[in-house]
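Asker: My questions all concern the structure below.
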Amino acid sequence: METQATPQQATPRLRPVASLTNMAIMLLIQVAFVASGFRMQRQPGTSLLPQHTNLAPLYLELIAIEWVLVLVVYRGIKRNRGSLWELVGGRWSSWMDIARDVVLCVPFLFVWEGTAWLMHRLLGPDKAKSVHALLPQSAIEVVLWILLSVTAGICEEIVYRGYFQRQFAGYTNSVVAGVLLQAVV
């Protein structure tokens, strides 16, 4: 006797969270960022900024850029009747959920730092133009730097680990491909 898979037994098809057009826009934005970075690195001189200047406008601009990326993602997923909560995996339901995430995060922190140390030992010092001039010096710059760091953590989690990973997984019907392709981006 032949058995047939019921709808509950069938592997669910992964679906993209936004349109292909929205994804193309997001990928073009990423290409523009990479091209801009290459262009800046090729400019003559040893630093991106010759001397330390007031960095508050730069930090504010970077914060705005991060949130504009989230806005583009939000508009794309909203058209598909999705939500930002879907991209970040929902909410914690208890303090145990938070503790579990922190415990899972700690080993990855050590792997990350160990890998960075190993790469520095194997490849030598970074050849990129000095970023020392981009570091905060005044109290307002320190506050904005912290705000920029928090913003980058939130926004990039939504954009890369949420949006791009789900989009690629949906278009390839493979979670593994989704993770690998978002890492490339």
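How things are named: the first chain in the structure tokens is A, the next is B, and so on; residues count from 1 in each chain; ligands count from 1 in the order shown.
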Run DSSP on the backbone and grab whatever in stretch 13-153 of chain A lands in alpha helix (DSSP H); send it over as a VMD selection string.
Answerer: chain A and resid 20 to 41 56 to 79 84 to 88 95 to 123 139 to 153
Asker: Using only C-alpha atoms, determine which residues lie at most 10 Å from A:Gln167, disregarding the query and same-chain residues fewer than 5 positions distant; provide the list as a short mmCIF file (atom, residue, chain, number, x, y, z; two decimals) with all heavy atoms, in the first residue's frame.
Answerer:
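Listing of result-v5.cif after writing:
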data_model
loop_
_atom_site.label_atom_id
_atom_site.label_comp_id
_atom_site.auth_asym_id
_atom_site.auth_seq_id
_atom_site.Cartn_x
_atom_site.Cartn_y
_atom_site.Cartn_z
N LEU A 14 10.05 27.53 1.54
CA LEU A 14 10.46 28.83 2.05
C LEU A 14 10.02 29.90 1.06
O LEU A 14 10.09 29.70 -0.14
CB LEU A 14 11.98 28.87 2.24
CG LEU A 14 12.55 27.82 3.20
CD1 LEU A 14 14.06 27.80 3.11
CD2 LEU A 14 12.10 28.09 4.61
N ARG A 15 9.59 31.02 1.57
CA ARG A 15 9.16 32.08 0.68
C ARG A 15 9.92 33.36 0.96
O ARG A 15 10.25 33.65 2.11
CB ARG A 15 7.66 32.31 0.78
CG ARG A 15 7.20 32.87 2.10
CD ARG A 15 5.71 33.20 2.08
NE ARG A 15 5.32 33.84 3.31
CZ ARG A 15 5.46 35.13 3.57
NH1 ARG A 15 6.00 35.93 2.67
NH2 ARG A 15 5.09 35.63 4.73
N PRO A 16 10.22 34.12 -0.09
CA PRO A 16 10.87 35.42 0.12
C PRO A 16 9.95 36.34 0.93
O PRO A 16 8.73 36.20 0.90
CB PRO A 16 11.06 35.96 -1.29
CG PRO A 16 10.92 34.78 -2.19
CD PRO A 16 10.01 33.82 -1.50
N VAL A 17 10.55 37.28 1.65
CA VAL A 17 9.77 38.20 2.47
C VAL A 17 9.42 39.49 1.74
O VAL A 17 8.64 40.28 2.24
CB VAL A 17 10.49 38.51 3.80
CG1 VAL A 17 10.55 37.28 4.67
CG2 VAL A 17 11.87 39.08 3.55
N ALA A 18 10.01 39.71 0.57
CA ALA A 18 9.74 40.91 -0.21
C ALA A 18 9.91 40.58 -1.70
O ALA A 18 10.38 39.50 -2.06
CB ALA A 18 10.69 42.04 0.19
N SER A 19 9.55 41.53 -2.52
CA SER A 19 9.61 41.31 -3.97
C SER A 19 11.04 41.24 -4.48
O SER A 19 11.98 41.71 -3.82
CB SER A 19 8.87 42.43 -4.69
OG SER A 19 9.61 43.64 -4.58
N LEU A 20 11.19 40.71 -5.66
CA LEU A 20 12.49 40.66 -6.32
C LEU A 20 13.00 42.07 -6.61
O LEU A 20 14.20 42.35 -6.51
CB LEU A 20 12.39 39.84 -7.61
CG LEU A 20 13.69 39.46 -8.29
CD1 LEU A 20 14.61 38.70 -7.35
CD2 LEU A 20 13.41 38.63 -9.53
N MET A 23 14.51 43.45 -3.48
CA MET A 23 15.81 42.82 -3.25
C MET A 23 16.86 43.40 -4.20
O MET A 23 18.01 43.63 -3.79
CB MET A 23 15.73 41.31 -3.42
CG MET A 23 17.04 40.64 -3.13
SD MET A 23 16.76 39.04 -2.43
CE MET A 23 18.37 38.36 -2.60
N TYR A 160 20.79 42.17 7.28
CA TYR A 160 21.59 41.05 6.78
C TYR A 160 21.10 39.69 7.28
O TYR A 160 20.83 38.80 6.49
CB TYR A 160 23.08 41.25 7.11
CG TYR A 160 23.62 42.44 6.39
CD1 TYR A 160 23.73 43.67 7.04
CD2 TYR A 160 23.97 42.36 5.05
CE1 TYR A 160 24.19 44.79 6.37
CE2 TYR A 160 24.42 43.48 4.37
CZ TYR A 160 24.53 44.69 5.03
OH TYR A 160 24.97 45.80 4.37
N GLY A 162 18.35 39.09 8.91
CA GLY A 162 16.92 38.96 8.75
C GLY A 162 16.51 38.96 7.29
O GLY A 162 16.21 37.93 6.71
N THR A 172 16.04 30.40 -3.03
CA THR A 172 16.76 29.14 -3.31
C THR A 172 16.08 27.94 -2.66
O THR A 172 16.46 26.80 -2.94
CB THR A 172 18.21 29.22 -2.78
OG1 THR A 172 18.18 29.37 -1.36
CG2 THR A 172 18.99 30.34 -3.45
N ASN A 173 15.11 28.20 -1.79
CA ASN A 173 14.44 27.17 -0.99
C ASN A 173 15.46 26.36 -0.16
O ASN A 173 15.33 25.17 0.01
CB ASN A 173 13.57 26.24 -1.83
CG ASN A 173 12.53 25.53 -0.97
OD1 ASN A 173 12.03 26.11 0.00
ND2 ASN A 173 12.23 24.30 -1.28
N VAL A 175 17.85 26.99 3.48
CA VAL A 175 18.32 27.82 4.59
C VAL A 175 19.84 27.96 4.52
O VAL A 175 20.38 29.05 4.75
CB VAL A 175 17.88 27.23 5.94
CG1 VAL A 175 18.51 27.98 7.10
CG2 VAL A 175 16.36 27.25 6.07
N GLY A 178 20.71 30.44 2.00
CA GLY A 178 20.35 31.76 2.53
C GLY A 178 21.42 32.31 3.44
O GLY A 178 21.81 33.48 3.33
N LEU A 181 24.71 33.01 1.25
CA LEU A 181 24.58 34.14 0.34
C LEU A 181 24.51 35.47 1.11
O LEU A 181 25.10 36.47 0.68
CB LEU A 181 23.38 33.97 -0.57
CG LEU A 181 23.55 32.89 -1.64
CD1 LEU A 181 22.21 32.59 -2.33
CD2 LEU A 181 24.60 33.28 -2.65
N GLN A 182 23.81 35.50 2.25
CA GLN A 182 23.77 36.75 3.02
C GLN A 182 25.16 37.07 3.57
O GLN A 182 25.51 38.22 3.69
CB GLN A 182 22.72 36.71 4.12
CG GLN A 182 22.98 35.85 5.32
CD GLN A 182 23.89 36.45 6.39
OE1 GLN A 182 23.95 37.65 6.55
NE2 GLN A 182 24.59 35.60 7.08
#
Asker: List the neighbours of stretch 58-68 of chain A out to 8 Å using only C-alpha atoms; skip same-chain residues closer than 5 positions along the sequence, and give me the result as an NGL selection string.
Answerer: :A and (141 or 144-145 or 147-148 or 151-152 or 155-156)
Asker: Please provide as a VMD selection string all residues within 12 Å of A:Ala24, with the sequence filter that same-chain residues fewer than 5 positions apart are discarded (counting only C-alpha atoms).
Answerer: chain A and resid 18 to 19 29 to 31 72 to 73 76 164 167 to 168
Asker: Record the distance separating atom CA of A:Phe110 and atom CA of A:Leu123, expressed in Å with one decimal.
Answerer: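 Computed distance, atom CA of A:Phe110 to atom CA of A:Leu123, equals 19.6 Å.
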